[in-house]
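Trainee: Structure file work39.cif, mmCIF, C-alpha atoms and all ligand atoms, is pasted below:
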```cif
data_data
#
loop_
_atom_site.label_atom_id
_atom_site.label_comp_id
_atom_site.auth_asym_id
_atom_site.auth_seq_id
_atom_site.Cartn_x
_atom_site.Cartn_y
_atom_site.Cartn_z
CA MET U 1 146.34 180.16 201.25
CA SER U 2 146.42 176.40 200.87
CA ASN U 3 143.57 174.36 199.47
CA THR U 4 141.57 172.07 201.70
CA ALA U 5 140.40 168.63 200.67
CA LEU U 6 137.99 166.23 202.33
CA ILE U 7 138.34 162.53 201.46
CA THR U 8 135.71 159.98 202.40
CA GLY U 9 137.04 156.41 202.48
CA VAL U 10 140.47 157.67 203.49
CA THR U 11 141.46 154.40 205.17
CA GLY U 12 141.17 152.53 201.86
CA GLN U 13 143.75 151.97 199.15
CA ASP U 14 142.82 155.00 197.04
CA GLY U 15 142.13 157.27 200.02
CA SER U 16 145.60 156.66 201.43
CA TYR U 17 147.38 157.37 198.12
CA LEU U 18 145.22 160.42 197.44
CA ALA U 19 145.87 161.83 200.92
CA GLU U 20 149.63 161.46 200.41
CA TYR U 21 149.42 163.03 196.96
CA LEU U 22 147.36 166.05 198.06
CA LEU U 23 149.58 166.63 201.11
CA SER U 24 152.62 166.59 198.80
CA LYS U 25 150.90 169.38 196.83
CA GLY U 26 150.45 171.51 199.95
CA TYR U 27 146.78 170.77 200.65
CA ASP U 28 145.28 170.59 204.11
CA VAL U 29 143.69 167.14 204.04
CA TYR U 30 140.82 165.86 206.16
CA GLY U 31 139.92 162.19 206.00
CA LEU U 32 136.47 160.99 206.98
CA GLU U 33 136.43 157.79 208.96
CA ARG U 34 133.63 155.79 210.49
CA TRP U 35 133.68 155.22 214.21
CA LYS U 36 134.77 151.67 214.97
CA SER U 37 135.71 150.08 218.25
CA THR U 38 138.99 149.01 216.68
CA GLN U 39 140.36 151.26 213.97
CA GLY U 40 141.83 149.99 210.70
CA HIS U 41 144.60 152.51 210.16
CA ARG U 42 147.35 150.38 208.68
CA ARG U 43 147.36 152.21 205.34
CA ILE U 44 147.40 155.73 206.82
CA ASP U 45 149.35 155.41 210.09
CA HIS U 46 152.46 156.82 208.41
CA ILE U 47 150.68 159.93 207.03
CA THR U 48 151.26 162.24 209.95
CA ASP U 49 149.73 165.44 208.49
CA LEU U 50 146.38 163.86 207.70
CA GLU U 51 143.54 165.03 209.98
CA LEU U 52 140.90 162.41 210.69
CA VAL U 53 137.30 163.46 211.22
CA GLN U 54 134.49 161.17 212.33
CA GLY U 55 131.42 160.65 210.21
CA ASP U 56 129.36 158.02 208.48
CA LEU U 57 127.88 157.87 204.98
CA ALA U 58 124.71 156.47 206.56
CA ASP U 59 124.28 159.59 208.72
CA GLN U 60 123.38 162.90 207.05
CA SER U 61 123.91 165.00 210.17
CA SER U 62 127.50 163.80 210.57
CA LEU U 63 128.28 164.67 206.94
CA ASP U 64 126.67 168.09 207.32
CA ARG U 65 128.79 168.78 210.39
CA VAL U 66 132.02 167.61 208.77
CA VAL U 67 131.52 169.71 205.64
CA ARG U 68 130.51 172.74 207.73
CA GLU U 69 133.52 172.43 209.99
CA THR U 70 136.22 171.55 207.45
CA ARG U 71 135.08 173.93 204.66
CA PRO U 72 136.71 171.92 201.87
CA ASP U 73 137.56 173.29 198.42
CA GLU U 74 137.55 169.74 197.05
CA VAL U 75 135.57 166.71 198.20
CA TYR U 76 136.52 163.21 197.06
CA ASN U 77 133.82 160.62 197.75
CA LEU U 78 135.78 157.35 197.78
CA ALA U 79 133.84 155.61 200.56
CA ALA U 80 131.83 152.56 199.51
CA LEU U 81 131.29 148.88 200.15
CA SER U 82 133.71 148.08 197.38
CA PHE U 83 133.95 144.27 197.31
CA VAL U 84 131.58 143.19 194.53
CA PRO U 85 130.79 139.60 195.69
CA GLU U 86 129.87 140.80 199.19
CA SER U 87 127.34 143.21 197.68
CA PHE U 88 125.21 140.19 196.70
CA ASN U 89 125.06 139.26 200.41
CA GLN U 90 124.34 142.83 201.58
CA PRO U 91 122.40 144.46 198.74
CA VAL U 92 120.41 146.88 200.90
CA HIS U 93 123.37 148.03 202.98
CA THR U 94 125.37 148.43 199.75
CA GLY U 95 122.59 150.58 198.31
CA ASN U 96 122.50 152.70 201.45
CA ILE U 97 126.24 153.39 201.63
CA THR U 98 127.50 153.10 198.06
CA GLY U 99 124.42 154.65 196.43
CA LEU U 100 122.54 156.91 198.86
CA GLY U 101 125.78 157.71 200.71
CA ALA U 102 127.01 159.64 197.67
CA THR U 103 123.79 161.67 197.61
CA ARG U 104 124.18 162.43 201.31
CA VAL U 105 127.68 163.80 200.71
CA LEU U 106 126.39 165.81 197.74
CA GLU U 107 123.58 167.21 199.91
CA ALA U 108 126.04 168.22 202.63
CA VAL U 109 128.17 170.01 200.02
CA ARG U 110 125.13 171.68 198.41
CA LYS U 111 123.89 172.98 201.76
CA HIS U 112 127.15 174.02 203.40
CA GLN U 113 129.89 174.45 200.77
CA PRO U 114 128.23 174.69 197.35
CA ASP U 115 131.32 176.06 195.61
CA ALA U 116 133.42 173.02 196.54
CA LYS U 117 134.37 170.70 193.70
CA PHE U 118 133.10 167.16 194.13
CA TYR U 119 134.65 163.93 192.81
CA GLN U 120 132.61 160.72 192.77
CA ALA U 121 134.43 157.36 192.59
CA SER U 122 132.50 155.78 189.74
CA THR U 123 133.45 152.43 188.31
CA SER U 124 133.83 150.27 185.23
CA GLU U 125 131.36 147.89 186.94
CA LEU U 126 128.70 150.23 185.52
CA PHE U 127 129.33 148.75 182.07
CA GLY U 128 128.55 145.13 183.00
CA ASN U 129 128.84 142.75 180.06
CA SER U 130 129.14 145.42 177.42
CA SER U 131 128.84 144.50 173.77
CA GLU U 132 131.44 147.19 172.99
CA GLU U 133 135.04 146.09 172.79
CA THR U 134 136.29 149.15 174.71
CA GLN U 135 134.16 151.19 177.08
CA SER U 136 133.99 154.99 176.98
CA ILE U 137 131.75 157.44 178.81
CA ASP U 138 129.20 156.98 175.99
CA THR U 139 128.97 153.19 176.43
CA PRO U 140 125.55 152.18 177.84
CA PHE U 141 125.52 151.20 181.51
CA GLN U 142 124.19 147.75 182.42
CA PRO U 143 125.54 146.86 185.89
CA ARG U 144 125.41 143.25 187.08
CA SER U 145 125.69 143.44 190.87
CA PRO U 146 124.14 145.35 193.78
CA TYR U 147 127.48 147.15 193.93
CA GLY U 148 127.11 148.17 190.28
CA THR U 149 123.47 149.24 190.60
CA SER U 150 124.32 151.32 193.68
CA LYS U 151 127.20 153.00 191.85
CA LEU U 152 124.82 153.68 188.95
CA TYR U 153 122.55 155.63 191.29
CA ALA U 154 125.54 157.55 192.67
CA TYR U 155 126.74 158.29 189.13
CA TRP U 156 123.45 159.90 188.13
CA SER U 157 123.13 161.77 191.44
CA THR U 158 126.50 163.33 190.69
CA VAL U 159 125.34 164.34 187.20
CA ASN U 160 122.07 165.63 188.62
CA TYR U 161 123.71 167.91 191.21
CA ARG U 162 125.76 169.38 188.38
CA GLU U 163 122.72 169.99 186.18
CA ALA U 164 120.14 170.95 188.82
CA HIS U 165 122.30 172.93 191.25
CA ASP U 166 125.05 174.14 188.97
CA MET U 167 127.72 172.51 191.15
CA PHE U 168 131.17 171.36 189.98
CA THR U 169 130.67 167.61 190.29
CA VAL U 170 132.41 164.88 188.26
CA ASN U 171 132.42 161.11 187.94
CA GLY U 172 135.77 159.39 187.51
CA VAL U 173 134.78 156.08 185.93
CA LEU U 174 137.82 154.13 187.06
CA PHE U 175 138.65 150.67 185.83
CA ASN U 176 140.29 148.25 188.29
CA HIS U 177 143.31 149.72 190.04
CA GLU U 178 145.60 147.84 192.35
CA SER U 179 148.74 148.28 194.46
CA PRO U 180 150.53 146.70 197.41
CA ARG U 181 147.82 148.37 199.54
CA ARG U 182 144.99 146.51 197.78
CA GLY U 183 142.63 144.59 200.10
CA LYS U 184 143.57 140.92 200.32
CA ASN U 185 140.24 139.62 198.95
CA PHE U 186 140.53 141.33 195.58
CA VAL U 187 141.86 138.95 192.97
CA THR U 188 145.25 140.54 192.16
CA ARG U 189 146.28 140.81 195.80
CA LYS U 190 144.88 137.38 196.60
CA ILE U 191 147.09 135.99 193.84
CA THR U 192 150.27 137.97 194.67
CA ARG U 193 149.91 137.17 198.37
CA GLY U 194 149.15 133.53 197.59
CA ALA U 195 152.16 133.15 195.28
CA ALA U 196 154.43 134.77 197.87
CA ALA U 197 153.06 132.63 200.72
CA ILE U 198 153.37 129.42 198.69
CA SER U 199 156.96 130.20 197.72
CA LEU U 200 157.81 130.70 201.41
CA GLY U 201 156.17 127.41 202.37
CA LEU U 202 153.39 129.17 204.31
CA GLN U 203 150.51 127.99 202.10
CA ASP U 204 149.96 124.87 199.90
CA LYS U 205 147.57 126.03 197.21
CA LEU U 206 145.52 128.98 196.00
CA GLU U 207 141.79 128.70 195.34
CA LEU U 208 140.29 131.02 192.74
CA GLY U 209 137.06 131.41 190.76
CA ASN U 210 136.73 132.49 187.15
CA LEU U 211 140.20 132.48 185.57
CA ASP U 212 138.83 133.72 182.24
CA ALA U 213 137.60 137.08 183.54
CA LYS U 214 139.50 139.93 181.93
CA ARG U 215 140.09 143.31 183.52
CA ASP U 216 141.84 146.54 182.64
CA TRP U 217 144.15 146.73 185.66
CA GLY U 218 146.16 149.86 186.45
CA HIS U 219 148.15 151.20 189.41
CA ALA U 220 146.18 153.09 192.09
CA GLU U 221 149.02 155.60 192.51
CA ASP U 222 148.64 156.66 188.87
CA TYR U 223 144.87 156.89 189.20
CA VAL U 224 144.69 159.24 192.20
CA LYS U 225 146.55 161.80 190.07
CA ALA U 226 143.76 161.57 187.49
CA MET U 227 141.17 162.14 190.27
CA HIS U 228 142.94 165.33 191.30
CA LEU U 229 143.36 166.52 187.70
CA MET U 230 139.64 166.08 187.05
CA LEU U 231 138.92 168.71 189.72
CA GLN U 232 141.48 171.16 188.27
CA GLN U 233 139.64 171.52 184.93
CA ASP U 234 137.69 174.64 183.94
CA THR U 235 134.48 172.71 183.37
CA PRO U 236 133.28 169.55 185.10
CA LYS U 237 133.36 166.48 182.89
CA ASP U 238 132.87 162.77 183.56
CA LEU U 239 135.81 160.69 182.32
CA VAL U 240 136.87 157.07 181.97
CA ILE U 241 140.25 156.23 183.54
CA GLY U 242 142.08 152.99 182.74
CA THR U 243 145.09 151.71 180.80
CA GLY U 244 143.45 150.65 177.52
CA GLU U 245 144.80 147.10 177.93
CA HIS U 246 143.31 144.09 179.58
CA HIS U 247 144.53 140.78 180.97
CA SER U 248 142.89 137.66 182.33
CA VAL U 249 142.97 136.40 185.91
CA ARG U 250 145.03 133.52 184.49
CA ASP U 251 147.65 136.01 183.12
CA CYS U 252 147.85 137.59 186.54
CA ALA U 253 148.51 134.19 188.17
CA ARG U 254 151.14 133.34 185.56
CA ILE U 255 153.09 136.57 186.15
CA ALA U 256 152.85 136.38 189.96
CA PHE U 257 153.98 132.75 190.26
CA ASN U 258 156.68 133.30 187.66
CA GLU U 259 158.09 136.07 189.86
CA VAL U 260 158.66 133.54 192.67
CA GLY U 261 159.99 130.87 190.29
CA LEU U 262 156.90 128.63 190.36
CA ASP U 263 154.41 127.35 187.77
CA TRP U 264 150.94 128.67 188.66
CA GLU U 265 149.25 125.55 187.26
CA ASP U 266 150.82 123.43 190.02
CA TYR U 267 149.18 125.49 192.78
CA VAL U 268 145.96 127.13 191.57
CA GLU U 269 142.69 125.25 192.11
CA ILE U 270 139.21 126.28 191.09
CA ASN U 271 136.61 126.61 193.82
CA GLU U 272 133.00 127.26 192.77
CA LYS U 273 132.43 129.45 195.79
CA PHE U 274 134.50 132.21 194.19
CA PHE U 275 132.21 132.44 191.15
CA ARG U 276 129.66 135.27 191.26
CA PRO U 277 125.88 134.98 190.80
CA ALA U 278 126.29 137.33 187.81
CA GLU U 279 129.77 137.95 186.42
CA VAL U 280 131.27 140.80 184.43
CA ASP U 281 133.40 138.90 181.92
CA VAL U 282 135.55 141.39 180.04
CA LEU U 283 136.34 145.09 180.53
CA LYS U 284 138.74 147.37 178.65
CA ALA U 285 138.87 151.17 178.85
CA ASP U 286 138.85 153.66 176.03
CA ILE U 287 141.00 156.38 177.60
CA SER U 288 141.23 158.74 174.64
CA ASN U 289 139.20 161.43 176.47
CA ALA U 290 141.32 161.22 179.62
CA LYS U 291 144.46 161.62 177.52
CA SER U 292 143.18 164.63 175.60
CA GLU U 293 141.29 166.40 178.41
CA LEU U 294 143.69 165.78 181.29
CA ASP U 295 146.96 165.12 179.50
CA TRP U 296 147.11 162.03 181.72
CA GLU U 297 148.46 158.58 180.97
CA PRO U 298 149.16 155.63 183.23
CA GLN U 299 152.87 155.19 183.98
CA LYS U 300 153.09 151.61 185.24
CA THR U 301 152.53 148.46 183.19
CA PHE U 302 150.46 145.50 184.37
CA GLU U 303 153.56 143.35 184.73
CA ASP U 304 155.36 146.05 186.80
CA LEU U 305 152.30 146.29 189.02
CA ILE U 306 152.03 142.54 189.71
CA VAL U 307 155.78 142.19 190.28
CA GLU U 308 155.73 145.13 192.74
CA MET U 309 152.82 143.52 194.60
CA VAL U 310 154.53 140.10 194.78
CA GLU U 311 157.77 141.65 196.03
CA THR U 312 155.94 143.65 198.72
CA ASP U 313 153.99 140.57 199.81
CA LEU U 314 157.19 138.53 200.03
CA ALA U 315 158.84 141.20 202.18
CA GLU U 316 155.76 141.56 204.43
CA LEU U 317 155.34 137.83 204.94
CA GLN U 318 159.05 137.36 205.66
CA SER U 319 158.96 140.14 208.22
CA ASP U 320 155.74 138.77 209.84
CA ASN U 321 157.39 135.36 209.97
CA SER U 322 160.59 136.56 211.53
CA GLN U 323 158.63 138.55 214.13
CA ALA U 324 156.53 135.47 214.93
CA ALA U 325 159.75 133.48 215.34
CA GLN U 326 161.13 135.93 217.95
CA PRO U 327 161.02 134.39 221.44
CA ASN U 328 158.81 136.32 223.89
CA GLU U 329 160.86 138.41 226.27
P1 LIG U 401 136.17 143.58 190.61
O1 LIG U 401 137.51 143.12 191.36
O2 LIG U 401 134.99 142.78 191.02
O3 LIG U 401 136.47 143.69 189.15
O4 LIG U 401 135.93 145.05 191.20
P2 LIG U 401 137.99 141.69 191.90
O5 LIG U 401 139.46 141.79 192.03
O6 LIG U 401 137.23 141.26 193.11
O7 LIG U 401 137.58 140.66 190.72
C1 LIG U 401 138.13 140.75 189.42
C2 LIG U 401 137.74 139.51 188.60
O8 LIG U 401 138.43 138.37 189.10
C3 LIG U 401 137.53 137.26 189.15
N1 LIG U 401 138.01 136.28 190.15
C4 LIG U 401 138.10 136.49 191.46
N2 LIG U 401 137.83 137.60 192.21
C5 LIG U 401 138.06 137.53 193.55
N3 LIG U 401 137.84 138.62 194.29
N4 LIG U 401 138.49 136.37 194.16
C6 LIG U 401 138.75 135.22 193.45
O9 LIG U 401 139.14 134.20 194.00
C7 LIG U 401 138.55 135.29 192.04
N5 LIG U 401 138.72 134.40 191.03
C8 LIG U 401 138.39 135.01 189.90
C9 LIG U 401 136.21 137.89 189.52
O10 LIG U 401 135.13 137.00 189.23
C10 LIG U 401 136.24 139.15 188.66
O11 LIG U 401 135.78 138.88 187.37
C11 LIG U 401 136.99 145.93 191.58
C12 LIG U 401 136.59 146.61 192.89
O12 LIG U 401 137.67 147.36 193.36
C13 LIG U 401 135.40 147.54 192.68
O13 LIG U 401 135.12 148.23 193.89
C14 LIG U 401 135.77 148.53 191.57
O14 LIG U 401 134.69 149.39 191.33
C15 LIG U 401 136.14 147.78 190.30
O15 LIG U 401 137.22 146.90 190.57
C16 LIG U 401 136.57 148.73 189.19
#
```
Kindly transcribe the structure held in the file into C-alpha cells.

Mentor:
Amino acid sequence: MSNTALITGVTGQDGSYLAEYLLSKGYDVYGLERWKSTQGHRRIDHITDLELVQGDLADQSSLDRVVRETRPDEVYNLAALSFVPESFNQPVHTGNITGLGATRVLEAVRKHQPDAKFYQASTSELFGNSSEETQSIDTPFQPRSPYGTSKLYAYWSTVNYREAHDMFTVNGVLFNHESPRRGKNFVTRKITRGAAAISLGLQDKLELGNLDAKRDWGHAEDYVKAMHLMLQQDTPKDLVIGTGEHHSVRDCARIAFNEVGLDWEDYVEINEKFFRPAEVDVLKADISNAKSELDWEPQKTFEDLIVEMVETDLAELQSDNSQAAQPNE
C-alpha cells in the first residue's frame, strides 16, 4: 500500500518540489490550498498526479476535515507568510498563519491522525544576529522579525506536541534555499531576474537594500529530500539543514551579472526602502548533525544555483518577450 502525504503550502517553491519528489517515490500526495478567486498554480500546473484539497491555516475546522478525509501518513507544514519584510507590515496576520497555523495543523493531526509523522518548516531566521559563527540546533534563538517570532512559536509547538502527546513531530531548521521557482521578491531571484532583464534591455537598473547581508544559500530541490528523510528516521529529531557556507548579497549580484557578461556595479543601486527595521546580518549553518543523522549533503553549489536561476530567467523573459511580440490573430 502506498504512503499518503499531505503538504500545506503546496503552491510554493518547496511545496512544488516536495510534491514532485514524493510522487516520484510512489506516494499519494494531497496539497492544501487556500481558496482564492484566482488561483496561483504556476508552480504545480505540470504535476498531474497531485490532488488539491481546500483549506486554510486560519480555519481549524477546514484542517480537521482535510486530515480526517485524507488520512495522511506524513504531514508537511510548509504554509506560511514567508516574506520577512512583509511580516513587519502584517505582524498579527503573520502570527496567526505562520505561528498559530502550525498549532492548528498539529491539533488536527492529534485529533484525527495521531500516528502521522509531522514536519514543521522551521527557519534559520530563528537565530537572528547570533554571536556564534555557525548555527546548530543548540544555538540560542533570538528572532528579529514578526516572521521569526511566529516561527519561534511554531517551533516550540512542534516540540511540545512531541513531548506532551508522544507524536512524531520534527522541526527542519532550514537555512535559505532558492531555485528557479523562488518568488521574485526574495533577493536571489530579484537579482537573477534583474540581471537577465537588464542584459535583454528590458530593465535599466536593479535596486537593492543591504548588500553586506550574508546567507547560507542552498538549492530547494536538495532540501526537500532532507525534509522527507527527517520523517523516515526511527526517532523524531530537530535538525539544521544548510550548506555550511555563506555568501553576501554582493557576491550573488557579482555571479549573476557575470553570467550575462555585465559588471554588477554598473547597474545595482541602493534604495533605503529595501532595508529592514531589524536585519539579520550573517547566517551560516552547522550541518554536522544532518550529515551524520540523515546521511544527507547538499549537491549543488551556490554558483551552480545562481547560474541555473539566471539561465532560467533569461529563457523565461525571452519567451515572454517573443509571445508579447506575436501579432494578435
Ligand atoms: P530572508 O530572504 O529574509 O533571509 O528569508 P531574502 O531573500 O528576502 O533576504 C535575504 C537578505 O538579503 C537582503 N537584501 C534584500 N532582500 C530582499 N528581499 N530584497 C532586496 O532588495 C534586498 N537587498 C538586500 C535582506 O536584507 C536579507 O538580509 C528567507 C525566506 O525564505 C524565509 O521565509 C526563510 O525562513 C529564510 O529565508 C530561511

Trainee: Nearest to His112 of chain U: which of U:Ser179, U:Thr98, U:Gln142, U:Ser61 is it, counting only C-alpha atoms?

Mentor: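 The answer is U:Ser61, which sits nearest to His112 of chain U.
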
Trainee: So how many Å separate atom CA of Gly55 of chain U and atom O7 of ligand LIG 401 (chain U), to one decimal?

Mentor: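 Separation of atom CA of Gly55 of chain U and atom O7 of ligand LIG 401 (chain U): 28.6 Å.
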
Trainee: Quick one: residues within 7 Å of segment 255-257 of chain U, only C-alpha atoms, excluding same-chain residues fewer than 5 positions away - as a list in words?

Mentor: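 After dropping sequence-adjacent residues, the list is Ile191, Thr192, Ala195, Leu262, Asp263, Trp264, Glu303, Ile306, Val307 and Val310 of chain U.
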
Trainee: With a distance cut-off of 9 Å and all atoms listed in the file, select the neighbouring residues of segment 217-221 of chain U, excluding the residue or stretch itself and same-chain residues fewer than 5 positions from it, and output the selection as a compact mmCIF listing (two decimals) with C-alpha atoms, keeping the file's coordinate frame.

Mentor:
```txt
# COMPACT_ATOMS: atom_id res chain seq x y z
CA GLN U 13 143.75 151.97 199.15
CA ASP U 14 142.82 155.00 197.04
CA TYR U 17 147.38 157.37 198.12
CA LEU U 18 145.22 160.42 197.44
CA TYR U 21 149.42 163.03 196.96
CA PHE U 175 138.65 150.67 185.83
CA ASN U 176 140.29 148.25 188.29
CA HIS U 177 143.31 149.72 190.04
CA GLU U 178 145.60 147.84 192.35
CA SER U 179 148.74 148.28 194.46
CA ARG U 181 147.82 148.37 199.54
CA ARG U 182 144.99 146.51 197.78
CA GLY U 242 142.08 152.99 182.74
CA THR U 243 145.09 151.71 180.80
CA GLU U 245 144.80 147.10 177.93
CA HIS U 246 143.31 144.09 179.58
CA HIS U 247 144.53 140.78 180.97
CA LYS U 284 138.74 147.37 178.65
CA PRO U 298 149.16 155.63 183.23
CA GLN U 299 152.87 155.19 183.98
CA LYS U 300 153.09 151.61 185.24
CA THR U 301 152.53 148.46 183.19
CA PHE U 302 150.46 145.50 184.37
CA LEU U 305 152.30 146.29 189.02
```

Trainee: Interatomic distance between atom CA of Ala213 of chain U and atom O9 of ligand LIG 401 (chain U)?

Mentor: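 The value is 11.0 Å.
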
Trainee: Smallest atom-to-atom distance to Leu126 of chain U: which of U:Val84, U:Ala164, U:Ile198, U:Leu32, using only C-alpha atoms?

Mentor: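 The shortest atom-to-atom distance to Leu126 of chain U comes from U:Val84.
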
Trainee: Counting all atoms listed in the file, which residue out of U:Pro114, U:Pro91, U:Gly101, U:Gly201 sits closest to Thr149 of chain U?

Mentor: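 Of all the options, U:Pro91 lies closest to Thr149 of chain U.
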
Trainee: As an exercise, work out the distance from atom O15 of ligand LIG 401 (chain U) to atom CA of Asp212 of chain U in Å and give it to one decimal place.

Mentor: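 Value for the atom O15 of ligand LIG 401 (chain U)-atom CA of Asp212 of chain U distance: 15.7 Å.
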
Trainee: Could you produce a table of the residues of chain U lying within 9 Å of ligand LIG 401 (chain U), with the nearest pair of atoms per residue and their separation in Å rounded to one decimal, using all atoms listed in the file, ordered by chain and increasing residue number, as a tab-separated table?

Mentor:
```
residue	atom	partner	partner_atom	distance
U:Ala80	CA	U:LIG401	O13	7.8
U:Leu81	CA	U:LIG401	O13	7.4
U:Ser82	CA	U:LIG401	O13	3.8
U:Phe83	CA	U:LIG401	O13	5.4
U:Val84	CA	U:LIG401	O2	4.9
U:Pro85	CA	U:LIG401	O2	7.0
U:Ala121	CA	U:LIG401	O14	8.1
U:Ser122	CA	U:LIG401	O14	6.9
U:Thr123	CA	U:LIG401	O14	4.5
U:Ser124	CA	U:LIG401	C16	5.1
U:Glu125	CA	U:LIG401	O14	5.7
U:Leu126	CA	U:LIG401	O14	8.4
U:Tyr147	CA	U:LIG401	O13	7.7
U:Gly148	CA	U:LIG401	O14	7.7
U:Lys151	CA	U:LIG401	O14	8.3
U:Val173	CA	U:LIG401	C16	8.2
U:Leu174	CA	U:LIG401	C16	5.9
U:Phe175	CA	U:LIG401	C16	4.4
U:Asn176	CA	U:LIG401	C16	3.9
U:His177	CA	U:LIG401	O15	6.7
U:Glu178	CA	U:LIG401	O12	8.0
U:Arg182	CA	U:LIG401	O12	8.6
U:Gly183	CA	U:LIG401	O12	8.8
U:Lys184	CA	U:LIG401	N3	8.6
U:Asn185	CA	U:LIG401	N3	5.3
U:Phe186	CA	U:LIG401	O5	3.7
U:Val187	CA	U:LIG401	O5	3.8
U:Thr188	CA	U:LIG401	O5	5.9
U:Arg189	CA	U:LIG401	O5	7.9
U:Lys190	CA	U:LIG401	N4	6.9
U:Ile191	CA	U:LIG401	O9	8.2
U:Leu206	CA	U:LIG401	O9	8.5
U:Glu207	CA	U:LIG401	O9	6.3
U:Leu208	CA	U:LIG401	O9	3.6
U:Gly209	CA	U:LIG401	N5	3.4
U:Asn210	CA	U:LIG401	C8	4.1
U:Leu211	CA	U:LIG401	C8	5.3
U:Asp212	CA	U:LIG401	C8	7.8
U:Ala213	CA	U:LIG401	O11	4.6
U:Lys214	CA	U:LIG401	O11	6.7
U:Arg215	CA	U:LIG401	O3	6.7
U:Asp216	CA	U:LIG401	C16	8.7
U:Trp217	CA	U:LIG401	O15	8.5
U:Ser248	CA	U:LIG401	O8	8.1
U:Val249	CA	U:LIG401	O8	5.9
U:Arg250	CA	U:LIG401	C8	8.7
U:Ile270	CA	U:LIG401	N5	8.1
U:Asn271	CA	U:LIG401	O9	8.0
U:Lys273	CA	U:LIG401	O9	8.4
U:Phe274	CA	U:LIG401	O9	5.1
U:Phe275	CA	U:LIG401	O10	5.7
U:Arg276	CA	U:LIG401	O10	6.1
U:Ala278	CA	U:LIG401	O10	9.0
U:Glu279	CA	U:LIG401	O10	6.1
U:Val280	CA	U:LIG401	O11	5.7
U:Asp281	CA	U:LIG401	O11	5.9
U:Val282	CA	U:LIG401	O11	7.8
U:Leu283	CA	U:LIG401	O3	8.7
```

Trainee: Identify, on the basis of only C-alpha atoms, every residue whose closest approach to Val92 of chain U does not exceed 12 Å; exclude the query and any residue fewer than 2 positions from it along the same chain; express the result as a ChimeraX atom specification.

Mentor: /U:58,81,86-90,94-100,145-147,149-150

Trainee: Within 10 Å of segment 69-74 of chain U, counting only C-alpha atoms, which residues show up once you throw out same-chain ones fewer than 4 positions away? Write them as a list of chain:residue names, please.

Mentor: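 Listing them by chain and then by number gives U:Ser2, U:Asn3, U:Thr4, U:Ala5, U:Leu6, U:Ile7, U:Tyr27, U:Asp28, U:Val29, U:Tyr30, U:Val53, U:Leu63, U:Asp64, U:Arg65, U:Val109, U:His112, U:Gln113, U:Pro114, U:Asp115, U:Ala116, U:Lys117, U:Phe118, U:Tyr119, U:Phe168, U:Thr169, U:His228, U:Leu231, U:Gln232.
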
Trainee: Here is a test: counting all atoms listed in the file, which residue of U:Glu269, U:Asp286, U:Glu20, U:Asp238 is nearest to Val159 of chain U?

Mentor: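 For Val159 of chain U, the nearest of the candidates is U:Asp238.
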
Trainee: Out of U:Arg43, U:Val268, U:Leu57, U:Met167, which residue has the shortest atom-to-atom distance to His93 of chain U when counting only C-alpha atoms?

Mentor: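 Using only C-alpha atoms, His93 of chain U sits closest to U:Leu57.
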
Trainee: Go through U:Arg68, U:Arg193, U:Arg42, U:Lys205 one by one, measure the shortest atom-to-atom distance of each to Ala108 of chain U using only C-alpha atoms, and give the residue with the smallest value.

Mentor: U:Arg68
